[in-house]
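Have a look at work20.pdb below; it lists PDB, C-alpha atoms and all ligand atoms.
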```pdb
ATOM      1  CA  MET A 228      14.918   5.538  28.539
ATOM      2  CA  GLU A 229      12.600   7.654  26.444
ATOM      3  CA  ASP A 230      14.554   8.277  23.284
ATOM      4  CA  VAL A 231      16.694   5.991  21.184
ATOM      5  CA  THR A 232      19.352   7.059  18.734
ATOM      6  CA  LEU A 233      19.016   5.797  15.177
ATOM      7  CA  HIS A 234      21.230   6.302  12.157
ATOM      8  CA  ILE A 235      19.468   6.621   8.834
ATOM      9  CA  LYS A 236      21.442   6.714   5.605
ATOM     10  CA  ASP A 237      19.670   8.616   2.861
ATOM     11  CA  ARG A 238      19.850   7.898  -0.863
ATOM     12  CA  GLN A 239      22.775  10.268  -1.281
ATOM     13  CA  GLY A 240      24.790   8.345   1.300
ATOM     14  CA  THR A 241      24.482  10.907   4.088
ATOM     15  CA  ILE A 242      23.904   9.400   7.505
ATOM     16  CA  HIS A 243      21.381  11.219   9.654
ATOM     17  CA  LYS A 244      21.531  10.712  13.407
ATOM     18  CA  VAL A 245      18.032  11.009  14.816
ATOM     19  CA  GLU A 246      16.487  10.713  18.260
ATOM     20  CA  ALA A 247      13.250   8.752  18.316
ATOM     21  CA  PRO A 248      10.799   8.586  21.215
ATOM     22  CA  THR A 249       9.869   5.130  22.514
ATOM     23  CA  ASP A 250       6.701   6.326  24.227
ATOM     24  CA  MET A 251       4.723   7.709  21.296
ATOM     25  CA  ALA A 252       3.792   4.482  19.478
ATOM     26  CA  MET A 253       5.774   5.551  16.431
ATOM     27  CA  ASN A 254       7.329   3.300  13.839
ATOM     28  CA  LEU A 255      10.487   3.750  11.824
ATOM     29  CA  MET A 256       8.639   5.059   8.751
ATOM     30  CA  GLU A 257       6.960   7.750  10.835
ATOM     31  CA  VAL A 258      10.243   8.760  12.430
ATOM     32  CA  CYS A 259      11.862   9.149   8.998
ATOM     33  CA  LYS A 260       9.001  11.345   7.864
ATOM     34  CA  ALA A 261       9.097  13.376  11.071
ATOM     35  CA  TYR A 262      12.731  14.187  10.334
ATOM     36  CA  GLY A 263      11.973  15.146   6.750
ATOM     37  CA  LEU A 264      13.694  12.164   5.217
ATOM     38  CA  PRO A 265      12.343  11.187   1.790
ATOM     39  CA  VAL A 266      10.172   8.272   2.842
ATOM     40  CA  GLU A 267       6.746   8.383   1.302
ATOM     41  CA  GLY A 268       4.784   5.995   3.503
ATOM     42  CA  ALA A 269       2.084   5.940   0.847
ATOM     43  CA  CYS A 270      -0.105   3.306   2.488
ATOM     44  CA  GLY A 271       0.036   4.927   5.898
ATOM     45  CA  GLY A 272       1.871   2.038   7.493
ATOM     46  CA  MET A 273      -0.298  -0.871   6.388
ATOM     47  CA  ALA A 274       2.563  -2.897   4.824
ATOM     48  CA  MET A 275       0.932  -2.349   1.446
ATOM     49  CA  CYS A 276       3.231  -0.043  -0.528
ATOM     50  CA  ALA A 277       6.890  -0.762   0.331
ATOM     51  CA  SER A 278       7.758   2.935  -0.020
ATOM     52  CA  CYS A 279       9.198   2.692   3.503
ATOM     53  CA  GLN A 280      11.588  -0.107   2.604
ATOM     54  CA  CYS A 281      15.017   0.125   4.164
ATOM     55  CA  TYR A 282      18.084  -2.030   4.524
ATOM     56  CA  VAL A 283      19.198  -2.904   8.024
ATOM     57  CA  LEU A 284      22.937  -2.292   8.349
ATOM     58  CA  SER A 285      23.462  -2.938  12.065
ATOM     59  CA  ASP A 286      22.985  -6.265  13.850
ATOM     60  CA  THR A 287      20.182  -4.831  15.965
ATOM     61  CA  ASP A 288      17.615  -7.254  17.315
ATOM     62  CA  LEU A 289      14.417  -6.463  15.418
ATOM     63  CA  PRO A 290      10.922  -7.898  15.699
ATOM     64  CA  ASP A 291      10.326 -10.796  13.320
ATOM     65  CA  ILE A 292       8.870 -10.126   9.896
ATOM     66  CA  ASN A 293       5.126 -10.694  10.042
ATOM     67  CA  ASP A 294       3.034 -12.213   7.247
ATOM     68  CA  ASP A 295       1.930  -8.864   5.801
ATOM     69  CA  GLU A 296       5.469  -7.552   5.668
ATOM     70  CA  GLU A 297       6.754 -10.753   4.129
ATOM     71  CA  ALA A 298       4.043 -10.698   1.471
ATOM     72  CA  MET A 299       4.808  -7.077   0.556
ATOM     73  CA  LEU A 300       8.557  -7.654   0.426
ATOM     74  CA  SER A 301       8.046 -10.635  -1.843
ATOM     75  CA  GLU A 302       6.488  -8.294  -4.436
ATOM     76  CA  ALA A 303       8.558  -5.157  -3.927
ATOM     77  CA  PHE A 304      11.510  -3.944  -6.001
ATOM     78  CA  TYR A 305      15.112  -3.666  -4.795
ATOM     79  CA  VAL A 306      14.535  -6.222  -2.048
ATOM     80  CA  LYS A 307      17.670  -7.565  -0.380
ATOM     81  CA  GLU A 308      18.390 -10.044   2.382
ATOM     82  CA  ASN A 309      18.352  -7.228   4.924
ATOM     83  CA  SER A 310      15.229  -5.450   3.665
ATOM     84  CA  ARG A 311      12.546  -4.421   6.106
ATOM     85  CA  LEU A 312       9.493  -2.203   5.955
ATOM     86  CA  GLY A 313      10.039   0.732   8.266
ATOM     87  CA  CYS A 314       6.358   0.960   9.100
ATOM     88  CA  GLN A 315       6.458  -2.523  10.595
ATOM     89  CA  ILE A 316       9.227  -1.679  13.041
ATOM     90  CA  PRO A 317       7.920  -0.062  16.209
ATOM     91  CA  ILE A 318      10.302   2.248  18.033
ATOM     92  CA  THR A 319      11.378   0.462  21.190
ATOM     93  CA  GLU A 320      14.420   0.667  23.434
ATOM     94  CA  ASP A 321      15.832  -2.375  21.627
ATOM     95  CA  LEU A 322      16.343  -0.208  18.556
ATOM     96  CA  ASN A 323      18.953   2.018  20.150
ATOM     97  CA  GLY A 324      21.904   2.234  17.765
ATOM     98  CA  LEU A 325      19.987   0.843  14.794
ATOM     99  CA  THR A 326      21.452   1.816  11.422
ATOM    100  CA  VAL A 327      19.354   1.571   8.283
ATOM    101  CA  GLU A 328      19.693   2.726   4.704
ATOM    102  CA  LEU A 329      16.712   3.926   2.678
ATOM    103  CA  ALA A 330      15.947   1.695  -0.295
ATOM    104  CA  PRO A 331      15.733   3.379  -3.711
ATOM    105  CA  GLU A 332      12.579   5.284  -4.482
ATOM    106  CA  TYR A 333      10.084   3.876  -6.972
TER
HETATM  107 FE1  LIG B 401       3.500   1.413   3.089
HETATM  108 FE2  LIG B 401       5.297   0.865   4.980
HETATM  109  S1  LIG B 401       4.308   2.717   4.615
HETATM  110  S2  LIG B 401       4.529  -0.426   3.457
END
```
Any chance you could put this one into structure tokens?
Amino acid sequence: MEDVTLHIKDRQGTIHKVEAPTDMAMNLMEVCKAYGLPVEGACGGMAMCASCQCYVLSDTDLPDINDDEEAMLSEAFYVKENSRLGCQIPITEDLNGLTVELAPEY
């Protein structure tokens, strides 16, 4: 499989169905940006800005939260139980069917 299908809910509540390649070393933040979704990605994917925060709505198996992501989420606003940083989620086949919602902008 080369592409996975993701569902990304924007801040207006519209769900965008996007196809993401698994063979281009992309992460979820980059995919959102590639599709023109309003994700800033200010730190370039270093887990240092939280502008790529999203809420995971599906029970998809995701990679564990690493120390950098945990540290950033402990300081970020609007953090919920299901918060993740999109830039810390690589696009793999396991993500097929993933549904996330963009966290509020700040
Ligand atoms: Fe900055 Fe993800 S892009 S934390």
**Asked** Counting all atoms listed in the file, what residues are within 10 Å of ligand LIG 401 (chain B), given as a PyMOL selection string?
**Response** chain A and resi 254-257+266-281+295-296+299-300+303+311-316
**Item:** Shell around Asn323 (chain A) at 8 Å using only C-alpha atoms, local window under 6 positions removed, as an MDAnalysis selection string
**Value:** chainID A and resid 231:233
**Request:** Using the chain letters and residue numbers of this document, give as an NGL selection string the residues selected by the PyMOL selection byres (((chain A and resi 324) around 12) and not hetatm).
**Result:** :A and (230-235 or 244-247 or 283-289 or 318-323 or 325-327)
Let me have the centre and edge lengths in Å, one decimal, of the box along x, y and z around every listed atom of region 302-311 of chain A with 8 Å of margin on each side, as lines of an AutoDock Vina configuration file.
```
center_x = 12.4
center_y = -6.9
center_z = 0.1
size_x = 27.9
size_y = 22.4
size_z = 28.1
```
**Between CA of Met253 (chain A) and CA of Glu229 (chain A) - distance in Å to one decimal** =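 Computing the Euclidean distance for CA of Glu229 (chain A) and CA of Met253 (chain A) yields 12.3 Å.
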**Request:** For the point (20.8, 12.5, 6.8) in the file's frame, write as a PyMOL selection string all residues with an atom no more than 10 Å away, counting only C-alpha atoms.
**Result:** chain A and resi 234-245+259+262-265
Convert the current residue selection to file output with C-alpha atoms, as a compact mmCIF listing (two decimals), keeping the file's coordinate frame.
```txt
# COMPACT_ATOMS: atom_id res chain seq x y z
CA HIS A 234 21.23 6.30 12.16
CA ILE A 235 19.47 6.62 8.83
CA LYS A 236 21.44 6.71 5.60
CA ASP A 237 19.67 8.62 2.86
CA ARG A 238 19.85 7.90 -0.86
CA GLN A 239 22.78 10.27 -1.28
CA GLY A 240 24.79 8.35 1.30
CA THR A 241 24.48 10.91 4.09
CA ILE A 242 23.90 9.40 7.50
CA HIS A 243 21.38 11.22 9.65
CA LYS A 244 21.53 10.71 13.41
CA VAL A 245 18.03 11.01 14.82
CA CYS A 259 11.86 9.15 9.00
CA TYR A 262 12.73 14.19 10.33
CA GLY A 263 11.97 15.15 6.75
CA LEU A 264 13.69 12.16 5.22
CA PRO A 265 12.34 11.19 1.79
```
**Nearest to Pro248 (chain A), chosen from A:Tyr333, A:Ile292, A:Pro317, A:Val306, with all atoms listed in the file counted in the distances** = A:Pro317
